[in-house]
There are 2 protein chains.
Amino acid sequence: MPGQQLKIAIEKLKGSGVRITPQRQAILSFLIETMTHPTADEIYKMLETKFPNMSVATIYNNLKVFKDLGLIKELTYGDASSRFDANLQTHYHAICDRCGKIEDFYTENLSNVEQVAAKITGFKVASHRMEVYGTCRSCQLNH
Amino acid sequence: MPGQQLKIAIEKLKGSGVRITPQRQAILSFLIETMTHPTADEIYKMLETKFPNMSVATIYNNLKVFKDLGLIKELTYGDASSRFDANLQTHYHAICDRCGKIEDFYTENLSNVEQVAAKITGFKVASHRMEVYGTCRSCQLNH
DNA sequence: CTACTTGCAAACTTTTTGCTTGCGA
DNA sequence: TCGCAAGCAAAAAGTTTGCAAGTAG
């Protein structure tokens with residue numbers, strides 16, 4: 001229930017003394033509703049009809065605020081720009097070499113690798129990230 | 001034995017019709033010898049005493065060549081620039097939130113997650129990547 | 001009211017590109 | 001010699017910054 005998630009996120013924003021501006025809410029709301037891991041520029045383009053005067057800097061400002069509060073995660077791949085993900089459930093990504101699509105998938109939580117890594121490296125481990133790379137189904141079909 | 005790895009890599013370059021220039025060899029050799037996952041700029045700085053006239057474009061050109069031949073891997077994290085890793089053994093990274101250090105670690109190969117991901121997503125999976133994030137030992141000690 | 005945000009433009013950083021000259025095989 | 005590679009500089013792309021004006025609480 002994304003509506004619920006938005007509500008909780010907004011409470012969290014308020015709780016940390018951050019103002020709820022229309023732009024801020026729209027960016028957050030868009031991130032929570034979309035499944036597409038958009039770039040900053042994609043967010044900008046999606047919202048420019050609603051906020052014709054909004055600047056990219058506002059997008060970046062807000063992404064930083066959300067990230068610092070743990071409301072979103074930043075994903076960086078080989079390509080130029082970062083992508084942002086408001087799905088906070090533990091999940092993993094499959095990335096297509098061919099078309100660049102990022103598909104979420106859920107499997108058993110690999111948090112045991114955190115413990116293994118901690119034991120080996122001496123790190124105090126807080127989180128992990130895992131991705132697989134390959135060719136997505138539709139790119140396989142299109143030869 | 002890094003000398004061996006370099007030799008093999010150079011054979012691979014020759015085999016694909018790529019020339020072995022001094023700059024190319026120096027960049028590759030540096031990547032294989034270092035443990036530090038350097039950025040393009042760091043490579044540039046390390047080699048500028050040896051090649052005062054070398055341009056950054058040469059670094060990028062060669063990194064692209066190496067990557068296309070599978071001799072190195074590109075790592076992208078939240079920070080600005082890509083890092084490059086010539087360690088081709090299956091291994092994982094622990095990244096310190098505090099100081100940014102990247103520590104390699106080896107554990108059981110997680111390639112079974114590739115199969116799981118393939119089954120769930122329909123991807124033809126070729127590789128995977130896993131990282132843990134946290135605080136490294138020395139940052140823990142330095143409070 | 002006032003501190004936080006926005007909008008804007010310029011600056012900055014990283015990476016890419018086009019083109020000429022140079023050099024490895 | 002031939003064609004790939006290096007050097008150079010300019011451009012592109014993404015992100016950050018400084019500041020004036022606006023507004024949420």
# chains A, B, ... in the order shown; residues from 1 in each chain; ligands from 1
call {"tool": "interface_residues", "arguments": {"of": "chain C", "to": "chain B", "cutoff": "10 Å", "atoms": "only C-alpha atoms (C1' of nucleotides)", "output": "JSON, numbers by chain"}}
result
{"C": [13, 14, 15, 16, 17, 23, 24, 25]}
call {"tool": "interface_residues", "arguments": {"of": "chain B", "to": "chain A", "cutoff": "9 Å", "atoms": "only C-alpha atoms", "output": "ChimeraX atom specification"}}
result
/B:74-79,82,92-96,103-107,113-114,116-118,120-138,140
call {"tool": "calpha_fit_and_write", "arguments": {"fixed": "chain A", "moving": "chain B", "output": "tab-separated table (two decimals) with N, CA and C atoms, in the first residue's frame"}}
result
chain	number	residue	atom	x	y	z
B	1	MET	N	0.79	-1.25	-0.21
B	1	MET	CA	-0.05	-0.04	-0.20
B	1	MET	C	0.82	1.21	-0.20
B	2	PRO	N	1.00	1.79	-1.35
B	2	PRO	CA	1.92	2.92	-1.49
B	2	PRO	C	1.42	4.16	-0.77
B	3	GLY	N	0.08	4.32	-0.69
B	3	GLY	CA	-0.45	5.48	0.02
B	3	GLY	C	0.01	5.49	1.47
B	4	GLN	N	0.02	4.32	2.03
B	4	GLN	CA	0.46	4.14	3.40
B	4	GLN	C	1.94	4.50	3.54
B	5	GLN	N	2.72	4.02	2.61
B	5	GLN	CA	4.16	4.28	2.66
B	5	GLN	C	4.45	5.77	2.59
B	6	LEU	N	3.71	6.45	1.72
B	6	LEU	CA	3.88	7.89	1.58
B	6	LEU	C	3.56	8.59	2.90
B	7	LYS	N	2.47	8.16	3.52
B	7	LYS	CA	2.06	8.77	4.78
B	7	LYS	C	3.16	8.61	5.84
B	8	ILE	N	3.67	7.41	5.92
B	8	ILE	CA	4.73	7.13	6.90
B	8	ILE	C	5.96	7.97	6.62
B	9	ALA	N	6.31	8.06	5.34
B	9	ALA	CA	7.49	8.83	4.96
B	9	ALA	C	7.32	10.29	5.32
B	10	ILE	N	6.13	10.82	5.10
B	10	ILE	CA	5.88	12.23	5.41
B	10	ILE	C	5.96	12.48	6.92
B	11	GLU	N	5.46	11.54	7.68
B	11	GLU	CA	5.58	11.66	9.13
B	11	GLU	C	7.04	11.72	9.54
B	12	LYS	N	7.82	10.89	8.90
B	12	LYS	CA	9.25	10.83	9.20
B	12	LYS	C	9.92	12.16	8.85
B	13	LEU	N	9.50	12.74	7.74
B	13	LEU	CA	10.05	14.04	7.35
B	13	LEU	C	9.69	15.09	8.40
B	14	LYS	N	8.42	15.15	8.74
B	14	LYS	CA	7.98	16.11	9.75
B	14	LYS	C	8.75	15.92	11.05
B	15	GLY	N	8.87	14.67	11.45
B	15	GLY	CA	9.55	14.35	12.69
B	15	GLY	C	10.98	14.84	12.74
B	16	SER	N	11.60	14.98	11.59
B	16	SER	CA	12.99	15.44	11.61
B	16	SER	C	13.08	16.92	11.27
B	17	GLY	N	11.99	17.63	11.45
B	17	GLY	CA	12.02	19.07	11.30
B	17	GLY	C	12.14	19.57	9.87
B	18	VAL	N	11.83	18.68	8.93
B	18	VAL	CA	11.92	19.07	7.53
B	18	VAL	C	10.54	19.50	7.06
B	19	ARG	N	10.51	20.56	6.29
B	19	ARG	CA	9.22	21.07	5.82
B	19	ARG	C	8.64	20.24	4.68
B	20	ILE	N	7.32	20.23	4.63
B	20	ILE	CA	6.65	19.53	3.54
B	20	ILE	C	6.20	20.54	2.50
B	21	THR	N	7.00	20.71	1.49
B	21	THR	CA	6.60	21.61	0.41
B	21	THR	C	5.95	20.78	-0.69
B	22	PRO	N	5.19	21.44	-1.56
B	22	PRO	CA	4.54	20.69	-2.64
B	22	PRO	C	5.54	19.94	-3.51
B	23	GLN	N	6.64	20.59	-3.85
B	23	GLN	CA	7.65	19.92	-4.68
B	23	GLN	C	8.19	18.69	-3.97
B	24	ARG	N	8.54	18.88	-2.72
B	24	ARG	CA	9.11	17.78	-1.95
B	24	ARG	C	8.15	16.61	-1.92
B	25	GLN	N	6.89	16.91	-1.66
B	25	GLN	CA	5.92	15.84	-1.57
B	25	GLN	C	5.73	15.16	-2.93
B	26	ALA	N	5.74	15.95	-4.00
B	26	ALA	CA	5.54	15.38	-5.33
B	26	ALA	C	6.69	14.45	-5.71
B	27	ILE	N	7.91	14.87	-5.40
B	27	ILE	CA	9.07	14.03	-5.73
B	27	ILE	C	9.01	12.72	-4.96
B	28	LEU	N	8.75	12.83	-3.68
B	28	LEU	CA	8.67	11.65	-2.84
B	28	LEU	C	7.55	10.72	-3.30
B	29	SER	N	6.42	11.31	-3.55
B	29	SER	CA	5.25	10.55	-3.97
B	29	SER	C	5.53	9.82	-5.30
B	30	PHE	N	6.15	10.53	-6.22
B	30	PHE	CA	6.48	9.91	-7.50
B	30	PHE	C	7.42	8.72	-7.31
B	31	LEU	N	8.42	8.92	-6.46
B	31	LEU	CA	9.39	7.84	-6.23
B	31	LEU	C	8.73	6.61	-5.61
B	32	ILE	N	7.78	6.85	-4.74
B	32	ILE	CA	7.14	5.72	-4.08
B	32	ILE	C	6.19	4.99	-5.02
B	33	GLU	N	5.56	5.75	-5.90
B	33	GLU	CA	4.58	5.12	-6.79
B	33	GLU	C	5.22	4.39	-7.97
B	34	THR	N	6.33	4.93	-8.47
B	34	THR	CA	6.91	4.34	-9.67
B	34	THR	C	7.65	3.05	-9.35
B	35	MET	N	7.77	2.22	-10.33
B	35	MET	CA	8.53	0.98	-10.18
B	35	MET	C	9.82	1.07	-10.98
B	36	THR	N	10.13	2.24	-11.50
B	36	THR	CA	11.13	2.32	-12.57
B	36	THR	C	12.52	2.78	-12.15
B	37	HIS	N	12.79	2.99	-10.87
B	37	HIS	CA	14.12	3.42	-10.45
B	37	HIS	C	14.62	4.59	-11.30
B	38	PRO	N	13.92	5.72	-11.26
B	38	PRO	CA	14.26	6.82	-12.16
B	38	PRO	C	15.56	7.55	-11.80
B	39	THR	N	16.12	8.22	-12.79
B	39	THR	CA	17.25	9.12	-12.56
B	39	THR	C	16.70	10.48	-12.13
B	40	ALA	N	17.59	11.35	-11.65
B	40	ALA	CA	17.17	12.69	-11.25
B	40	ALA	C	16.51	13.41	-12.42
B	41	ASP	N	17.09	13.23	-13.58
B	41	ASP	CA	16.57	13.90	-14.76
B	41	ASP	C	15.19	13.38	-15.15
B	42	GLU	N	15.00	12.09	-15.00
B	42	GLU	CA	13.68	11.52	-15.30
B	42	GLU	C	12.62	12.05	-14.35
B	43	ILE	N	12.99	12.18	-13.10
B	43	ILE	CA	12.05	12.75	-12.12
B	43	ILE	C	11.70	14.17	-12.53
B	44	TYR	N	12.73	14.90	-12.89
B	44	TYR	CA	12.56	16.29	-13.32
B	44	TYR	C	11.57	16.38	-14.48
B	45	LYS	N	11.77	15.54	-15.47
B	45	LYS	CA	10.91	15.57	-16.65
B	45	LYS	C	9.48	15.16	-16.32
B	46	MET	N	9.34	14.20	-15.42
B	46	MET	CA	7.99	13.75	-15.08
B	46	MET	C	7.20	14.84	-14.35
B	47	LEU	N	7.91	15.66	-13.61
B	47	LEU	CA	7.21	16.63	-12.77
B	47	LEU	C	7.16	18.03	-13.37
B	48	GLU	N	7.75	18.22	-14.52
B	48	GLU	CA	7.85	19.59	-15.01
B	48	GLU	C	6.50	20.14	-15.51
B	49	THR	N	5.60	19.24	-15.86
B	49	THR	CA	4.27	19.76	-16.22
B	49	THR	C	3.57	20.31	-14.98
B	50	LYS	N	3.77	19.61	-13.88
B	50	LYS	CA	3.13	20.02	-12.64
B	50	LYS	C	3.82	21.25	-12.02
B	51	PHE	N	5.15	21.29	-12.17
B	51	PHE	CA	5.91	22.40	-11.60
B	51	PHE	C	6.84	22.98	-12.66
B	52	PRO	N	6.28	23.82	-13.53
B	52	PRO	CA	7.08	24.31	-14.66
B	52	PRO	C	8.30	25.09	-14.22
B	53	ASN	N	8.29	25.63	-13.02
B	53	ASN	CA	9.41	26.45	-12.57
B	53	ASN	C	10.42	25.70	-11.72
B	54	MET	N	10.15	24.44	-11.51
B	54	MET	CA	11.06	23.71	-10.61
B	54	MET	C	12.43	23.54	-11.26
B	55	SER	N	13.47	23.70	-10.47
B	55	SER	CA	14.82	23.52	-11.01
B	55	SER	C	15.38	22.16	-10.62
B	56	VAL	N	16.34	21.69	-11.41
B	56	VAL	CA	16.97	20.40	-11.10
B	56	VAL	C	17.59	20.40	-9.72
B	57	ALA	N	18.09	21.53	-9.31
B	57	ALA	CA	18.72	21.61	-7.99
B	57	ALA	C	17.75	21.19	-6.91
B	58	THR	N	16.49	21.52	-7.09
B	58	THR	CA	15.47	21.12	-6.11
B	58	THR	C	15.34	19.60	-6.06
B	59	ILE	N	15.40	18.98	-7.22
B	59	ILE	CA	15.37	17.52	-7.26
B	59	ILE	C	16.53	16.96	-6.45
B	60	TYR	N	17.72	17.45	-6.75
B	60	TYR	CA	18.91	16.92	-6.08
B	60	TYR	C	18.86	17.20	-4.58
B	61	ASN	N	18.45	18.41	-4.22
B	61	ASN	CA	18.34	18.73	-2.81
B	61	ASN	C	17.45	17.73	-2.09
B	62	ASN	N	16.31	17.48	-2.68
B	62	ASN	CA	15.35	16.61	-2.03
B	62	ASN	C	15.80	15.16	-2.02
B	63	LEU	N	16.41	14.72	-3.09
B	63	LEU	CA	16.91	13.35	-3.11
B	63	LEU	C	17.92	13.17	-1.98
B	64	LYS	N	18.72	14.22	-1.75
B	64	LYS	CA	19.70	14.13	-0.69
B	64	LYS	C	19.01	14.05	0.69
B	65	VAL	N	17.98	14.85	0.85
B	65	VAL	CA	17.23	14.81	2.11
B	65	VAL	C	16.64	13.42	2.33
B	66	PHE	N	16.00	12.89	1.32
B	66	PHE	CA	15.36	11.58	1.44
B	66	PHE	C	16.39	10.50	1.74
B	67	LYS	N	17.51	10.60	1.05
B	67	LYS	CA	18.54	9.59	1.24
B	67	LYS	C	19.11	9.65	2.65
B	68	ASP	N	19.35	10.86	3.12
B	68	ASP	CA	19.91	11.01	4.47
B	68	ASP	C	18.97	10.47	5.53
B	69	LEU	N	17.67	10.54	5.25
B	69	LEU	CA	16.69	10.02	6.21
B	69	LEU	C	16.39	8.54	5.98
B	70	GLY	N	17.03	7.97	4.98
B	70	GLY	CA	16.82	6.55	4.71
B	70	GLY	C	15.50	6.24	4.04
B	71	LEU	N	14.90	7.23	3.40
B	71	LEU	CA	13.61	6.98	2.73
B	71	LEU	C	13.79	6.40	1.34
B	72	ILE	N	14.95	6.61	0.76
B	72	ILE	CA	15.23	6.05	-0.56
B	72	ILE	C	16.67	5.55	-0.58
B	73	LYS	N	16.97	4.77	-1.60
B	73	LYS	CA	18.34	4.32	-1.81
B	73	LYS	C	18.83	4.77	-3.16
B	74	GLU	N	20.10	5.06	-3.21
B	74	GLU	CA	20.71	5.46	-4.47
B	74	GLU	C	21.37	4.25	-5.10
B	75	LEU	N	21.12	4.07	-6.38
B	75	LEU	CA	21.71	2.95	-7.10
B	75	LEU	C	22.64	3.49	-8.16
B	76	THR	N	23.85	2.98	-8.22
B	76	THR	CA	24.74	3.45	-9.28
B	76	THR	C	25.22	2.26	-10.09
B	77	TYR	N	25.07	2.37	-11.38
B	77	TYR	CA	25.54	1.33	-12.27
B	77	TYR	C	26.58	1.95	-13.18
B	78	GLY	N	26.95	1.21	-14.19
B	78	GLY	CA	27.98	1.74	-15.08
B	78	GLY	C	27.55	3.02	-15.77
B	79	ASP	N	26.27	3.15	-16.06
B	79	ASP	CA	25.86	4.31	-16.85
B	79	ASP	C	25.99	5.61	-16.09
B	80	ALA	N	25.81	6.68	-16.78
B	80	ALA	CA	26.16	7.99	-16.28
B	80	ALA	C	25.53	8.35	-14.94
B	81	SER	N	24.22	8.22	-14.83
B	81	SER	CA	23.56	8.86	-13.70
B	81	SER	C	23.00	7.88	-12.67
B	82	SER	N	22.89	8.36	-11.46
B	82	SER	CA	22.37	7.56	-10.38
B	82	SER	C	20.87	7.33	-10.55
B	83	ARG	N	20.41	6.22	-10.01
B	83	ARG	CA	18.98	5.93	-9.99
B	83	ARG	C	18.55	5.84	-8.54
B	84	PHE	N	17.25	6.06	-8.33
B	84	PHE	CA	16.76	6.15	-6.96
B	84	PHE	C	15.59	5.21	-6.76
B	85	ASP	N	15.60	4.55	-5.61
B	85	ASP	CA	14.67	3.47	-5.34
B	85	ASP	C	14.04	3.68	-3.97
B	86	ALA	N	12.72	3.82	-3.97
B	86	ALA	CA	12.02	4.03	-2.69
B	86	ALA	C	11.45	2.74	-2.13
B	87	ASN	N	11.78	1.63	-2.75
B	87	ASN	CA	11.32	0.34	-2.25
B	87	ASN	C	12.26	-0.10	-1.14
B	88	LEU	N	11.78	-0.05	0.08
B	88	LEU	CA	12.66	-0.30	1.22
B	88	LEU	C	12.67	-1.75	1.67
B	89	GLN	N	11.79	-2.56	1.09
B	89	GLN	CA	11.87	-3.99	1.41
B	89	GLN	C	13.20	-4.53	0.90
B	90	THR	N	13.74	-5.51	1.60
B	90	THR	CA	14.97	-6.14	1.12
B	90	THR	C	14.66	-6.83	-0.20
B	91	HIS	N	15.31	-6.37	-1.23
B	91	HIS	CA	15.10	-7.00	-2.53
B	91	HIS	C	16.35	-6.80	-3.36
B	92	TYR	N	16.40	-7.45	-4.49
B	92	TYR	CA	17.60	-7.42	-5.31
B	92	TYR	C	17.25	-7.02	-6.73
B	93	HIS	N	18.26	-6.72	-7.52
B	93	HIS	CA	18.01	-6.25	-8.87
B	93	HIS	C	18.66	-7.14	-9.91
B	94	ALA	N	17.90	-7.36	-10.98
B	94	ALA	CA	18.45	-8.02	-12.16
B	94	ALA	C	18.53	-6.97	-13.24
B	95	ILE	N	19.71	-6.81	-13.82
B	95	ILE	CA	19.94	-5.71	-14.76
B	95	ILE	C	20.28	-6.27	-16.12
B	96	CYS	N	19.56	-5.80	-17.13
B	96	CYS	CA	19.77	-6.32	-18.48
B	96	CYS	C	20.91	-5.59	-19.18
B	97	ASP	N	21.88	-6.38	-19.65
B	97	ASP	CA	23.04	-5.84	-20.37
B	97	ASP	C	22.61	-5.15	-21.65
B	98	ARG	N	21.55	-5.66	-22.23
B	98	ARG	CA	21.14	-5.24	-23.55
B	98	ARG	C	20.32	-3.95	-23.50
B	99	CYS	N	19.23	-3.96	-22.74
B	99	CYS	CA	18.31	-2.82	-22.78
B	99	CYS	C	18.38	-1.97	-21.51
B	100	GLY	N	19.14	-2.42	-20.53
B	100	GLY	CA	19.31	-1.61	-19.33
B	100	GLY	C	18.19	-1.72	-18.32
B	101	LYS	N	17.20	-2.53	-18.62
B	101	LYS	CA	16.07	-2.67	-17.69
B	101	LYS	C	16.53	-3.18	-16.33
B	102	ILE	N	15.92	-2.65	-15.28
B	102	ILE	CA	16.22	-3.11	-13.92
B	102	ILE	C	14.96	-3.78	-13.38
B	103	GLU	N	15.07	-5.05	-13.10
B	103	GLU	CA	13.91	-5.77	-12.59
B	103	GLU	C	14.16	-6.15	-11.13
B	104	ASP	N	13.19	-5.86	-10.30
B	104	ASP	CA	13.30	-6.25	-8.89
B	104	ASP	C	13.04	-7.73	-8.75
B	105	PHE	N	13.73	-8.34	-7.80
B	105	PHE	CA	13.29	-9.69	-7.42
B	105	PHE	C	13.53	-9.92	-5.94
B	106	TYR	N	12.73	-10.81	-5.42
B	106	TYR	CA	12.78	-11.11	-4.00
B	106	TYR	C	13.21	-12.55	-3.82
B	107	THR	N	14.07	-12.78	-2.89
B	107	THR	CA	14.49	-14.14	-2.58
B	107	THR	C	14.85	-14.17	-1.12
B	108	GLU	N	15.32	-15.28	-0.65
B	108	GLU	CA	15.68	-15.31	0.77
B	108	GLU	C	16.68	-14.21	1.05
B	109	ASN	N	16.49	-13.60	2.18
B	109	ASN	CA	17.36	-12.51	2.59
B	109	ASN	C	18.79	-13.04	2.77
B	110	LEU	N	19.72	-12.35	2.15
B	110	LEU	CA	21.11	-12.81	2.21
B	110	LEU	C	21.86	-12.21	3.39
B	111	SER	N	21.14	-11.86	4.43
B	111	SER	CA	21.82	-11.13	5.51
B	111	SER	C	22.89	-11.97	6.19
B	112	ASN	N	22.84	-13.27	5.98
B	112	ASN	CA	23.94	-14.07	6.54
B	112	ASN	C	25.28	-13.70	5.90
B	113	VAL	N	25.25	-13.20	4.66
B	113	VAL	CA	26.52	-12.78	4.07
B	113	VAL	C	27.08	-11.57	4.82
B	114	GLU	N	26.19	-10.80	5.43
B	114	GLU	CA	26.68	-9.68	6.21
B	114	GLU	C	27.52	-10.18	7.39
B	115	GLN	N	27.03	-11.23	8.02
B	115	GLN	CA	27.76	-11.78	9.16
B	115	GLN	C	29.09	-12.38	8.72
B	116	VAL	N	29.03	-13.09	7.60
B	116	VAL	CA	30.25	-13.69	7.08
B	116	VAL	C	31.27	-12.60	6.75
B	117	ALA	N	30.80	-11.56	6.06
B	117	ALA	CA	31.69	-10.47	5.69
B	117	ALA	C	32.26	-9.80	6.93
B	118	ALA	N	31.41	-9.61	7.95
B	118	ALA	CA	31.86	-8.97	9.18
B	118	ALA	C	32.99	-9.78	9.82
B	119	LYS	N	32.80	-11.08	9.84
B	119	LYS	CA	33.82	-11.93	10.46
B	119	LYS	C	35.14	-11.86	9.70
B	120	ILE	N	35.05	-11.87	8.38
B	120	ILE	CA	36.27	-11.89	7.57
B	120	ILE	C	36.99	-10.54	7.60
B	121	THR	N	36.23	-9.47	7.47
B	121	THR	CA	36.86	-8.17	7.26
B	121	THR	C	37.02	-7.34	8.53
B	122	GLY	N	36.28	-7.69	9.58
B	122	GLY	CA	36.32	-6.86	10.76
B	122	GLY	C	35.42	-5.64	10.66
B	123	PHE	N	34.73	-5.49	9.55
B	123	PHE	CA	33.76	-4.40	9.40
B	123	PHE	C	32.59	-4.61	10.36
B	124	LYS	N	32.02	-3.50	10.80
B	124	LYS	CA	30.68	-3.56	11.40
B	124	LYS	C	29.71	-3.32	10.25
B	125	VAL	N	29.08	-4.37	9.78
B	125	VAL	CA	28.31	-4.30	8.54
B	125	VAL	C	26.89	-3.83	8.81
B	126	ALA	N	26.43	-2.89	8.01
B	126	ALA	CA	25.09	-2.34	8.22
B	126	ALA	C	24.10	-2.78	7.14
B	127	SER	N	24.59	-3.03	5.95
B	127	SER	CA	23.67	-3.38	4.87
B	127	SER	C	24.42	-4.09	3.76
B	128	HIS	N	23.68	-4.61	2.83
B	128	HIS	CA	24.32	-5.25	1.69
B	128	HIS	C	23.53	-4.98	0.43
B	129	ARG	N	24.15	-5.28	-0.67
B	129	ARG	CA	23.54	-5.03	-1.97
B	129	ARG	C	23.96	-6.16	-2.87
B	130	MET	N	23.02	-6.65	-3.65
B	130	MET	CA	23.37	-7.75	-4.56
B	130	MET	C	22.62	-7.55	-5.86
B	131	GLU	N	23.31	-7.80	-6.94
B	131	GLU	CA	22.71	-7.65	-8.25
B	131	GLU	C	23.15	-8.78	-9.16
B	132	VAL	N	22.28	-9.16	-10.07
B	132	VAL	CA	22.71	-10.08	-11.13
B	132	VAL	C	22.60	-9.36	-12.46
B	133	TYR	N	23.49	-9.71	-13.36
B	133	TYR	CA	23.54	-9.10	-14.68
B	133	TYR	C	23.30	-10.17	-15.74
B	134	GLY	N	22.62	-9.81	-16.77
B	134	GLY	CA	22.38	-10.78	-17.83
B	134	GLY	C	21.44	-10.21	-18.87
B	135	THR	N	20.69	-11.09	-19.51
B	135	THR	CA	19.81	-10.69	-20.59
B	135	THR	C	18.37	-10.94	-20.16
B	136	CYS	N	17.55	-9.93	-20.25
B	136	CYS	CA	16.17	-10.09	-19.79
B	136	CYS	C	15.37	-10.92	-20.78
B	137	ARG	N	14.20	-11.34	-20.35
B	137	ARG	CA	13.42	-12.26	-21.16
B	137	ARG	C	13.12	-11.68	-22.55
B	138	SER	N	12.70	-10.40	-22.59
B	138	SER	CA	12.28	-9.89	-23.90
B	138	SER	C	13.49	-9.69	-24.82
B	139	CYS	N	14.63	-9.34	-24.26
B	139	CYS	CA	15.83	-9.23	-25.10
B	139	CYS	C	16.28	-10.60	-25.60
B	140	GLN	N	16.03	-11.63	-24.83
B	140	GLN	CA	16.35	-12.98	-25.30
B	140	GLN	C	15.47	-13.35	-26.48
B	141	LEU	N	14.20	-12.99	-26.40
B	141	LEU	CA	13.26	-13.32	-27.46
B	141	LEU	C	13.56	-12.55	-28.73
B	142	ASN	N	13.87	-11.25	-28.56
B	142	ASN	CA	14.23	-10.43	-29.72
B	142	ASN	C	15.64	-10.74	-30.19
B	143	HIS	N	15.98	-11.95	-30.10
B	143	HIS	CA	17.28	-12.44	-30.53
B	143	HIS	C	18.44	-11.68	-29.98
call {"tool": "closest_atom_pairs", "arguments": {"of": "chain D", "to": "chain A", "cutoff": "9 Å", "atoms": "only C-alpha atoms (C1' of nucleotides)", "output": "Markdown table"}}
result
| residue | atom | partner | partner_atom | distance |
| --- | --- | --- | --- | --- |
| D:DA13 | C1' | A:Ala80 | CA | 7.6 |
| D:DG14 | C1' | A:Ser81 | CA | 6.4 |
| D:DT15 | C1' | A:Tyr60 | CA | 7.9 |
| D:DT16 | C1' | A:Ala57 | CA | 8.3 |
| D:DT23 | C1' | A:Thr21 | CA | 8.8 |
| D:DA24 | C1' | A:Arg19 | CA | 6.5 |
| D:DG25 | C1' | A:Arg19 | CA | 7.9 |
call {"tool": "select_by_dssp", "arguments": {"residues": "stretch 9-92 of chain A", "states": "strand (DSSP E or B)", "output": "JSON, numbers by chain"}}
result
{"A": [39, 73, 74, 75, 83, 84, 85, 92]}
